[in-house]
Structures are given as structure tokens and as C-alpha cells.
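Here the structure is laid out as C-alpha cells; the discussion comes afterwards.
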Amino acid sequence: MSIYTVVEQTQLETYLRNYELGTLIGFQGIEAGVENTNYFVTTSKGEYVLTLVESVSADKLPFILGFVAHLAERGLAVAQPILNNKGELFGTLNNRPAVFMSRLNGRPLDEPNQAQCSVIGNTLAASHLAADDLADDQYQHLYQWCSELSAKVLPKLDETDKHQLQEAVMAAGMIPWTQLPHGPIHADLFPDNALFDGDKLAGLIDFYHACSAPYLYDLAVTLNAWCYDEETQVYDQQKAELLLESYQAQRPLNAEEKQWLPEMQKVAALRFWLSRLRDKLFPKDGELITVKDPNGKKELLTALSQAV
């Protein structure tokens, strides 16, 4: 659980007056949060999720929430923000951007099965097709991001990790980033950001890493997250083939994307190794903080680099 900003009952009751959501019955922190503060909120009108956005600035939220709204309009299952009484997608609570969404049915996954991997591949492709309708605002230069953060964490690593990190960053620079099809992407589609009811997708959540970047990067993040078990250090090739097959049934990869997919999976592992190193080495203040082990993604990067 991560609670960076504590919300008191009286504060939440006051904030609720900005919405037509009824009166407060109860609320509790959500265990799955890592970078934002999340609460389940029960009111006289229903069940909701309140997010206090800690990971991005308010100026990026129109892009992020607008992307979510567009996906919903195109029929994708996503958690939609609820407009306040002024018709706004978010407000401010305890000096943080605050977003209310309806609580979806379903639960996040611990270990996705083959059917769920197939569903998520199909859904991811549909989101990329829908994203083609939008301008590629908030472009994320992923190689630059990795390069800059690696310079920050390198002095705190041992020689073996330094060498691996430097090699991975150099390899990331070889990808023809600007030549790959790109647009708005989720960028963080881990199993705990997809709620399922059995094998049926209830909805995608947590778009706060959304940016414009190559669709191939989004696919690589998802393949890594859904097909690699960090505890056993096993990459499930069968799940990966099913996910990729269902993705391409909706949106076939072009020749360049097929060529660079293995390298992009290494970049995806690198990006989350770096972000976890940052969170461990330079922790943020908060009430209750979850920090994920960087070694899970480092071992994945090692496995992908050794694959033939």
C-alpha cells in the first residue's frame, strides 16, 4: 500500500460536495497503489475510487483523462473519471489533483492465465487503434528518460550492475524510435492494472503513466509484465505467443516493429529496473509506501539479453 497524502474524513466529506455522489459512508486505502494515493469510497449512491495523483503534475491530466475518455467512447472497458459539478475531470484535495471514478467489478490479477493474456493482447491492440485518432501529445522520449535516470543511479551501484545498466542504455539508443508507429499508450499495463471477473475483462485502470510513445513499447511492457514471473524467473513463452497472436489479430505489427520487438522488451525491462532503483535509492516521503524490488526487472533484462 502507498499512502503519500492522508485524507481525513471531514476533508473527504467536504470534497464530496463538489460531486453528485451522495453522502460519505466509509473509505479505506487501497493496497495496490505504488505511486499515487488511492482510496475506496462508499457513499449513499455507490462505490467509487478516489485517486490523489502524486506521480504526474496537474497539467498532464487533461491528456491522460482525455485519452481514457476517448477509449471509453470507442467501447473499450476502462475506468472513467467522473465529472464534478463544474464539469471538470478532476479537482484538488490536500493540494493534490483528485480524481473520482466508479469502482469497477472484478479484481486485479496475481498470475494471469492464458485466456486472460489473450484478452489483454486483443484489448491492447484495440487501444492502439483507437489512439490513432488522437494527437500524439505528451511524447515521452524513453531513451532520453532512461539515459538521464541511469546517470543518477549509476554512482550507487556495484560494478556488475553498472556495466549491465550502461550496456542496456547503449542498446536502447540503437532503436529507431521516431520511425516506429506511435501515439497515446497506457505504458504501465501490468496485471494489477487490469480488473478481471473470471476471464472477462472488467476494465483497465491506472493510466497515470500514459504518454505518447511507440505502440511497440506498450506491447513490450505488457508482454514482460504478463508473461514473466519475477519470483520463479520464468518467462512463459506460450502465454507470450497467445498475447502476441491476439494483439496481431487486431493490429498486425509491421516489419520494423517485428524486427525491434526483442530489443524493445529489453528497454521495457530497463525502464522498470530504473524506476524501481530510483524509488529504492531516492525514496519519497509518505505515510505508507510500497517499494518494489528492482532485482525482478534486472533479472528479466538479463534473461532477455541471453535469449537467442
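To be explicit about the labels: the chains of the C-alpha cells are called A, B, and onward in the order shown, and within each one the residues are counted from 1, while ligands get numbers from 1 in the order they are shown.
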
Taking the DSSP assignment computed from this structure's backbone, write out as a PyMOL selection string all residues of range 37-221 of chain A that belong to alpha helix (DSSP H).
chain A and resi 61-73+114-131+142-153+159-172+215-221

Write out as number ranges by chain the residues lying within 8 Å of range 258-262 of chain A, counting only C-alpha atoms and excluding same-chain residues fewer than 3 positions away.
A: 175, 216, 220, 253-255, 265-266, 304

Atoms kept (N, CA and C atoms) for selection, written as a short mmCIF file (atom, residue, chain, number, x, y, z; two decimals), in the first residue's frame:
data_model
loop_
_atom_site.label_atom_id
_atom_site.label_comp_id
_atom_site.auth_asym_id
_atom_site.auth_seq_id
_atom_site.Cartn_x
_atom_site.Cartn_y
_atom_site.Cartn_z
N ILE A 175 17.64 1.78 -31.17
CA ILE A 175 16.29 1.59 -31.70
C ILE A 175 15.87 2.83 -32.50
N LEU A 216 4.88 -0.17 -29.92
CA LEU A 216 5.69 -1.36 -29.66
C LEU A 216 6.20 -1.38 -28.23
N ALA A 220 5.62 -4.26 -25.50
CA ALA A 220 6.76 -4.88 -24.81
C ALA A 220 6.57 -4.86 -23.30
N LEU A 253 1.69 -6.18 -36.53
CA LEU A 253 2.92 -5.42 -36.50
C LEU A 253 3.51 -5.29 -37.90
N ASN A 254 4.11 -4.15 -38.18
CA ASN A 254 4.80 -4.03 -39.47
C ASN A 254 6.18 -4.67 -39.35
N ALA A 255 6.92 -4.73 -40.46
CA ALA A 255 8.19 -5.45 -40.48
C ALA A 255 9.19 -4.85 -39.50
N GLN A 265 11.58 -5.13 -25.74
CA GLN A 265 11.30 -5.79 -24.47
C GLN A 265 12.43 -5.56 -23.47
N LYS A 266 13.67 -5.48 -23.97
CA LYS A 266 14.79 -5.16 -23.08
C LYS A 266 14.66 -3.73 -22.56
N LEU A 304 16.33 -11.70 -21.01
CA LEU A 304 16.05 -11.27 -22.37
C LEU A 304 17.34 -11.06 -23.16
#

May I ask which of the residues A:Asp229, A:Asp161, A:Glu257, A:Asp197 is the closest one to Leu277 in chain A, counting only C-alpha atoms?
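Of A:Asp229, A:Asp161, A:Glu257, A:Asp197, the one nearest Leu277 in chain A is A:Asp161, counting only C-alpha atoms.
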
Pick from A:Tyr139, A:Tyr15, A:Tyr235, A:Trp177, whichever lies nearest to His209 in chain A using only C-alpha atoms:
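Using only C-alpha atoms, His209 in chain A sits closest to A:Tyr139.
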
Kindly give the distance, in Å, that separates CA of Leu134 in chain A and CA of Thr178 in chain A, rounded to a single decimal.
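Going from CA of Leu134 in chain A over to CA of Thr178 in chain A covers 17.2 Å.
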
Could you name the residues that touch Ala58 in chain A at 12 Å or less, counting only C-alpha atoms, but leaving out those on the same chain fewer than 4 positions away, as an MDAnalysis selection string?
chainID A and resid 52:54 62:65 89:92 95:99 208

Let's have the selection written as a tab-separated table (two decimals), in the first residue's frame, with all heavy atoms.
chain	number	residue	atom	x	y	z
A	52	LEU	N	-5.63	10.47	-5.46
A	52	LEU	CA	-4.86	11.69	-5.33
A	52	LEU	C	-3.58	11.48	-6.13
A	52	LEU	O	-2.77	10.60	-5.82
A	52	LEU	CB	-4.53	12.00	-3.86
A	52	LEU	CG	-5.61	12.80	-3.10
A	52	LEU	CD1	-6.90	12.02	-3.00
A	52	LEU	CD2	-5.11	13.17	-1.71
A	53	VAL	N	-3.43	12.24	-7.19
A	53	VAL	CA	-2.37	12.00	-8.16
A	53	VAL	C	-1.05	12.57	-7.64
A	53	VAL	O	-0.92	13.78	-7.46
A	53	VAL	CB	-2.72	12.61	-9.53
A	53	VAL	CG1	-1.62	12.30	-10.54
A	53	VAL	CG2	-4.07	12.07	-10.02
A	54	GLU	N	-0.11	11.69	-7.41
A	54	GLU	CA	1.21	12.08	-6.90
A	54	GLU	C	2.29	11.95	-7.97
A	54	GLU	O	3.35	12.56	-7.86
A	54	GLU	CB	1.61	11.16	-5.72
A	54	GLU	CG	0.52	10.87	-4.73
A	54	GLU	CD	0.41	11.89	-3.61
A	54	GLU	OE1	1.24	12.83	-3.59
A	54	GLU	OE2	-0.49	11.74	-2.75
A	62	PRO	N	-5.25	16.57	-18.31
A	62	PRO	CA	-6.19	16.65	-19.44
A	62	PRO	C	-5.85	15.65	-20.55
A	62	PRO	O	-6.74	15.03	-21.14
A	62	PRO	CB	-6.06	18.10	-19.90
A	62	PRO	CG	-5.68	18.84	-18.66
A	62	PRO	CD	-4.76	17.91	-17.92
A	63	PHE	N	-4.55	15.47	-20.84
A	63	PHE	CA	-4.14	14.46	-21.83
A	63	PHE	C	-4.49	13.06	-21.36
A	63	PHE	O	-5.10	12.27	-22.09
A	63	PHE	CB	-2.64	14.56	-22.10
A	63	PHE	CG	-2.07	13.38	-22.83
A	63	PHE	CD1	-2.19	13.28	-24.21
A	63	PHE	CD2	-1.43	12.35	-22.14
A	63	PHE	CE1	-1.67	12.17	-24.89
A	63	PHE	CE2	-0.92	11.25	-22.82
A	63	PHE	CZ	-1.03	11.16	-24.19
A	64	ILE	N	-4.12	12.74	-20.12
A	64	ILE	CA	-4.33	11.39	-19.59
A	64	ILE	C	-5.81	11.04	-19.51
A	64	ILE	O	-6.26	10.01	-20.03
A	64	ILE	CB	-3.66	11.26	-18.20
A	64	ILE	CG1	-2.15	11.34	-18.33
A	64	ILE	CG2	-4.08	9.95	-17.53
A	64	ILE	CD1	-1.42	11.47	-17.01
A	65	LEU	N	-6.58	11.91	-18.88
A	65	LEU	CA	-8.00	11.63	-18.68
A	65	LEU	C	-8.77	11.75	-19.99
A	65	LEU	O	-9.76	11.04	-20.20
A	65	LEU	CB	-8.58	12.55	-17.61
A	65	LEU	CG	-7.91	12.43	-16.23
A	65	LEU	CD1	-8.52	13.42	-15.26
A	65	LEU	CD2	-8.02	11.00	-15.70
A	89	LEU	N	-12.86	17.21	-15.02
A	89	LEU	CA	-12.43	15.82	-14.85
A	89	LEU	C	-11.74	15.57	-13.53
A	89	LEU	O	-11.63	14.42	-13.08
A	89	LEU	CB	-11.50	15.42	-16.00
A	89	LEU	CG	-12.16	15.29	-17.38
A	89	LEU	CD1	-11.10	15.20	-18.47
A	89	LEU	CD2	-13.06	14.06	-17.43
A	90	PHE	N	-11.24	16.60	-12.89
A	90	PHE	CA	-10.57	16.44	-11.59
A	90	PHE	C	-10.64	17.74	-10.82
A	90	PHE	O	-10.88	18.82	-11.37
A	90	PHE	CB	-9.11	16.00	-11.78
A	90	PHE	CG	-8.23	17.00	-12.47
A	90	PHE	CD1	-7.43	17.89	-11.75
A	90	PHE	CD2	-8.18	17.06	-13.86
A	90	PHE	CE1	-6.62	18.80	-12.39
A	90	PHE	CE2	-7.36	17.97	-14.51
A	90	PHE	CZ	-6.58	18.85	-13.78
A	91	GLY	N	-10.42	17.62	-9.51
A	91	GLY	CA	-10.38	18.78	-8.63
A	91	GLY	C	-9.10	18.77	-7.83
A	91	GLY	O	-8.10	18.17	-8.25
A	92	THR	N	-9.12	19.40	-6.66
A	92	THR	CA	-7.93	19.47	-5.80
A	92	THR	C	-8.32	19.12	-4.37
A	92	THR	O	-9.30	19.64	-3.84
A	92	THR	CB	-7.31	20.88	-5.82
A	92	THR	OG1	-6.97	21.23	-7.17
A	92	THR	CG2	-6.05	20.92	-4.97
A	95	ASN	N	-4.04	19.71	-1.66
A	95	ASN	CA	-3.01	20.21	-2.59
A	95	ASN	C	-2.58	19.18	-3.62
A	95	ASN	O	-1.47	19.26	-4.17
A	95	ASN	CB	-1.78	20.72	-1.82
A	95	ASN	CG	-2.10	21.89	-0.91
A	95	ASN	OD1	-2.80	22.82	-1.32
A	95	ASN	ND2	-1.61	21.84	0.32
A	96	ARG	N	-3.42	18.21	-3.89
A	96	ARG	CA	-3.15	17.20	-4.92
A	96	ARG	C	-4.30	17.16	-5.90
A	96	ARG	O	-5.47	17.30	-5.51
A	96	ARG	CB	-3.01	15.81	-4.29
A	96	ARG	CG	-1.86	15.67	-3.29
A	96	ARG	CD	-0.51	15.71	-3.98
A	96	ARG	NE	0.56	15.37	-3.05
A	96	ARG	CZ	1.17	16.23	-2.25
A	96	ARG	NH1	0.78	17.51	-2.24
A	96	ARG	NH2	2.15	15.83	-1.46
A	97	PRO	N	-4.02	16.93	-7.19
A	97	PRO	CA	-5.12	16.67	-8.12
A	97	PRO	C	-5.88	15.42	-7.67
A	97	PRO	O	-5.26	14.42	-7.31
A	97	PRO	CB	-4.41	16.42	-9.46
A	97	PRO	CG	-3.06	17.04	-9.30
A	97	PRO	CD	-2.71	16.89	-7.85
A	98	ALA	N	-7.21	15.52	-7.65
A	98	ALA	CA	-8.02	14.42	-7.13
A	98	ALA	C	-9.05	14.00	-8.16
A	98	ALA	O	-9.80	14.83	-8.70
A	98	ALA	CB	-8.71	14.84	-5.83
A	99	VAL	N	-9.10	12.69	-8.43
A	99	VAL	CA	-9.97	12.14	-9.47
A	99	VAL	C	-10.89	11.09	-8.84
A	99	VAL	O	-10.43	10.19	-8.15
A	99	VAL	CB	-9.15	11.48	-10.59
A	99	VAL	CG1	-10.07	10.96	-11.70
A	99	VAL	CG2	-8.11	12.45	-11.15
A	208	TYR	N	-2.00	6.67	-15.29
A	208	TYR	CA	-1.24	7.86	-14.92
A	208	TYR	C	0.19	7.86	-15.45
A	208	TYR	O	0.92	8.84	-15.27
A	208	TYR	CB	-1.29	8.06	-13.41
A	208	TYR	CG	-2.70	8.35	-12.96
A	208	TYR	CD1	-3.48	7.37	-12.35
A	208	TYR	CD2	-3.30	9.59	-13.23
A	208	TYR	CE1	-4.80	7.63	-11.98
A	208	TYR	CE2	-4.61	9.85	-12.86
A	208	TYR	CZ	-5.35	8.86	-12.24
A	208	TYR	OH	-6.66	9.12	-11.89

Could you check how far CA of Leu129 in chain A sits from CA of Val78 in chain A, in Å to one decimal?
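Rounded to one decimal, the two atoms are 15.3 Å apart.
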
Measure the distance from CA of Tyr247 in chain A to CA of Ile120 in chain A in Å and round it to one decimal.
8.1 Å

Could you tell me which of A:Glu167, A:Ala115, A:Pro155, A:Ile25 comes closest to Leu281 in chain A if we count only C-alpha atoms?
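Once distances to Leu281 in chain A are computed over only C-alpha atoms, the minimum belongs to A:Pro155.
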
Which polymer residues have any atom within 9 Å of an atom of Tyr217 in chain A, counting only C-alpha atoms, with same-chain residues fewer than 5 positions away left out, as number ranges by chain?
A: 185, 187, 222, 261, 264-265, 267-268

For range 39-51 of chain A: contacts at 7 Å, only C-alpha atoms, fewer than 5 positions along chain excluded, given as an MDAnalysis selection string:
chainID A and resid 21:30 98:103

Any chance you can output those residues with N, CA, C and O atoms as an mmCIF file, in the first residue's frame?
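The result, written out as out09.cif:
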data_model
loop_
_atom_site.group_PDB
_atom_site.id
_atom_site.type_symbol
_atom_site.label_atom_id
_atom_site.label_comp_id
_atom_site.auth_asym_id
_atom_site.auth_seq_id
_atom_site.Cartn_x
_atom_site.Cartn_y
_atom_site.Cartn_z
ATOM 1 N N LEU A 21 -22.473 12.638 -5.772
ATOM 2 C CA LEU A 21 -22.186 11.246 -5.447
ATOM 3 C C LEU A 21 -22.783 10.816 -4.114
ATOM 4 O O LEU A 21 -22.487 9.724 -3.623
ATOM 5 N N GLY A 22 -23.612 11.660 -3.520
ATOM 6 C CA GLY A 22 -24.230 11.306 -2.250
ATOM 7 C C GLY A 22 -23.342 11.643 -1.071
ATOM 8 O O GLY A 22 -22.324 12.325 -1.181
ATOM 9 N N THR A 23 -23.726 11.141 0.089
ATOM 10 C CA THR A 23 -23.005 11.422 1.329
ATOM 11 C C THR A 23 -22.066 10.271 1.678
ATOM 12 O O THR A 23 -22.307 9.115 1.328
ATOM 13 N N LEU A 24 -20.999 10.583 2.380
ATOM 14 C CA LEU A 24 -19.962 9.607 2.704
ATOM 15 C C LEU A 24 -20.454 8.597 3.735
ATOM 16 O O LEU A 24 -21.014 8.955 4.769
ATOM 17 N N ILE A 25 -20.210 7.312 3.435
ATOM 18 C CA ILE A 25 -20.484 6.237 4.380
ATOM 19 C C ILE A 25 -19.180 5.697 4.956
ATOM 20 O O ILE A 25 -19.065 5.468 6.159
ATOM 21 N N GLY A 26 -18.173 5.495 4.110
ATOM 22 C CA GLY A 26 -16.886 4.992 4.595
ATOM 23 C C GLY A 26 -15.830 5.062 3.506
ATOM 24 O O GLY A 26 -16.147 5.244 2.321
ATOM 25 N N PHE A 27 -14.549 4.914 3.897
ATOM 26 C CA PHE A 27 -13.456 4.883 2.914
ATOM 27 C C PHE A 27 -12.257 4.182 3.526
ATOM 28 O O PHE A 27 -12.110 4.111 4.750
ATOM 29 N N GLN A 28 -11.395 3.640 2.632
ATOM 30 C CA GLN A 28 -10.199 2.940 3.096
ATOM 31 C C GLN A 28 -9.136 2.984 2.006
ATOM 32 O O GLN A 28 -9.443 3.051 0.812
ATOM 33 N N GLY A 29 -7.857 2.940 2.419
ATOM 34 C CA GLY A 29 -6.755 2.946 1.461
ATOM 35 C C GLY A 29 -6.710 1.665 0.654
ATOM 36 O O GLY A 29 -7.104 0.591 1.131
ATOM 37 N N ILE A 30 -6.236 1.773 -0.581
ATOM 38 C CA ILE A 30 -6.153 0.622 -1.483
ATOM 39 C C ILE A 30 -4.732 0.073 -1.448
ATOM 40 O O ILE A 30 -3.755 0.807 -1.636
ATOM 41 N N ALA A 98 -7.208 15.517 -7.652
ATOM 42 C CA ALA A 98 -8.025 14.418 -7.128
ATOM 43 C C ALA A 98 -9.053 13.996 -8.160
ATOM 44 O O ALA A 98 -9.798 14.834 -8.696
ATOM 45 N N VAL A 99 -9.100 12.693 -8.432
ATOM 46 C CA VAL A 99 -9.972 12.137 -9.468
ATOM 47 C C VAL A 99 -10.892 11.094 -8.839
ATOM 48 O O VAL A 99 -10.427 10.185 -8.145
ATOM 49 N N PHE A 100 -12.187 11.225 -9.097
ATOM 50 C CA PHE A 100 -13.160 10.208 -8.703
ATOM 51 C C PHE A 100 -13.507 9.348 -9.918
ATOM 52 O O PHE A 100 -13.719 9.866 -11.025
ATOM 53 N N MET A 101 -13.570 8.042 -9.700
ATOM 54 C CA MET A 101 -14.024 7.109 -10.734
ATOM 55 C C MET A 101 -14.963 6.110 -10.096
ATOM 56 O O MET A 101 -14.856 5.810 -8.901
ATOM 57 N N SER A 102 -15.890 5.582 -10.885
ATOM 58 C CA SER A 102 -16.739 4.500 -10.393
ATOM 59 C C SER A 102 -15.882 3.261 -10.155
ATOM 60 O O SER A 102 -14.940 2.987 -10.907
ATOM 61 N N ARG A 103 -16.194 2.535 -9.108
ATOM 62 C CA ARG A 103 -15.454 1.304 -8.803
ATOM 63 C C ARG A 103 -15.948 0.192 -9.713
ATOM 64 O O ARG A 103 -17.145 -0.117 -9.755
#

Find the spatial neighbours of His128 in chain A, counting only C-alpha atoms, within a cut-off of 8 Å - ignore same-chain residues fewer than 2 positions away - and output them as a VMD selection string.
chain A and resid 124 to 126 130 to 132 183 to 185 215

For the selection just defined, write its residues with all heavy atoms to a file, as a short mmCIF file (atom, residue, chain, number, x, y, z; two decimals), in the first residue's frame.
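To be explicit, this is the file written out as out07.cif:
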data_model
loop_
_atom_site.label_atom_id
_atom_site.label_comp_id
_atom_site.auth_asym_id
_atom_site.auth_seq_id
_atom_site.Cartn_x
_atom_site.Cartn_y
_atom_site.Cartn_z
N LEU A 124 -5.27 -4.45 -25.82
CA LEU A 124 -4.17 -3.52 -26.03
C LEU A 124 -4.12 -3.06 -27.48
O LEU A 124 -3.95 -1.86 -27.77
CB LEU A 124 -2.85 -4.17 -25.64
CG LEU A 124 -1.61 -3.29 -25.72
CD1 LEU A 124 -1.67 -2.18 -24.68
CD2 LEU A 124 -0.33 -4.12 -25.54
N ALA A 125 -4.28 -3.99 -28.40
CA ALA A 125 -4.29 -3.63 -29.82
C ALA A 125 -5.45 -2.68 -30.14
O ALA A 125 -5.28 -1.71 -30.89
CB ALA A 125 -4.39 -4.89 -30.68
N ALA A 126 -6.62 -2.96 -29.57
CA ALA A 126 -7.78 -2.09 -29.79
C ALA A 126 -7.50 -0.68 -29.26
O ALA A 126 -7.92 0.31 -29.87
CB ALA A 126 -9.01 -2.68 -29.13
N ALA A 130 -7.50 2.79 -31.48
CA ALA A 130 -8.28 3.95 -31.06
C ALA A 130 -7.38 5.17 -30.88
O ALA A 130 -7.77 6.30 -31.18
CB ALA A 130 -9.02 3.64 -29.76
N ALA A 131 -6.16 4.95 -30.39
CA ALA A 131 -5.23 6.06 -30.15
C ALA A 131 -4.80 6.74 -31.43
O ALA A 131 -4.39 7.91 -31.41
CB ALA A 131 -4.01 5.55 -29.39
N ASP A 132 -4.89 6.02 -32.54
CA ASP A 132 -4.52 6.63 -33.83
C ASP A 132 -5.38 7.84 -34.16
O ASP A 132 -4.99 8.67 -34.98
CB ASP A 132 -4.66 5.59 -34.95
CG ASP A 132 -3.37 4.80 -35.17
OD1 ASP A 132 -2.30 5.27 -34.72
OD2 ASP A 132 -3.44 3.72 -35.77
N GLY A 183 1.74 6.81 -30.67
CA GLY A 183 0.55 7.56 -30.28
C GLY A 183 0.35 7.40 -28.79
O GLY A 183 1.22 6.85 -28.09
N PRO A 184 -0.77 7.84 -28.23
CA PRO A 184 -1.03 7.68 -26.79
C PRO A 184 -1.07 6.19 -26.40
O PRO A 184 -1.70 5.38 -27.07
CB PRO A 184 -2.38 8.35 -26.60
CG PRO A 184 -2.47 9.35 -27.71
CD PRO A 184 -1.79 8.69 -28.88
N ILE A 185 -0.39 5.88 -25.30
CA ILE A 185 -0.33 4.50 -24.81
C ILE A 185 -0.55 4.47 -23.30
O ILE A 185 -0.38 5.48 -22.62
CB ILE A 185 1.02 3.82 -25.14
CG1 ILE A 185 2.17 4.57 -24.43
CG2 ILE A 185 1.24 3.77 -26.65
CD1 ILE A 185 3.51 3.86 -24.52
N TYR A 215 3.89 2.34 -30.08
CA TYR A 215 2.98 1.29 -29.63
C TYR A 215 3.76 0.03 -29.25
O TYR A 215 3.35 -0.74 -28.38
CB TYR A 215 1.96 0.97 -30.72
CG TYR A 215 1.06 2.12 -31.09
CD1 TYR A 215 0.86 2.48 -32.42
CD2 TYR A 215 0.41 2.87 -30.11
CE1 TYR A 215 0.03 3.54 -32.77
CE2 TYR A 215 -0.41 3.93 -30.45
CZ TYR A 215 -0.60 4.26 -31.78
OH TYR A 215 -1.41 5.31 -32.13
#
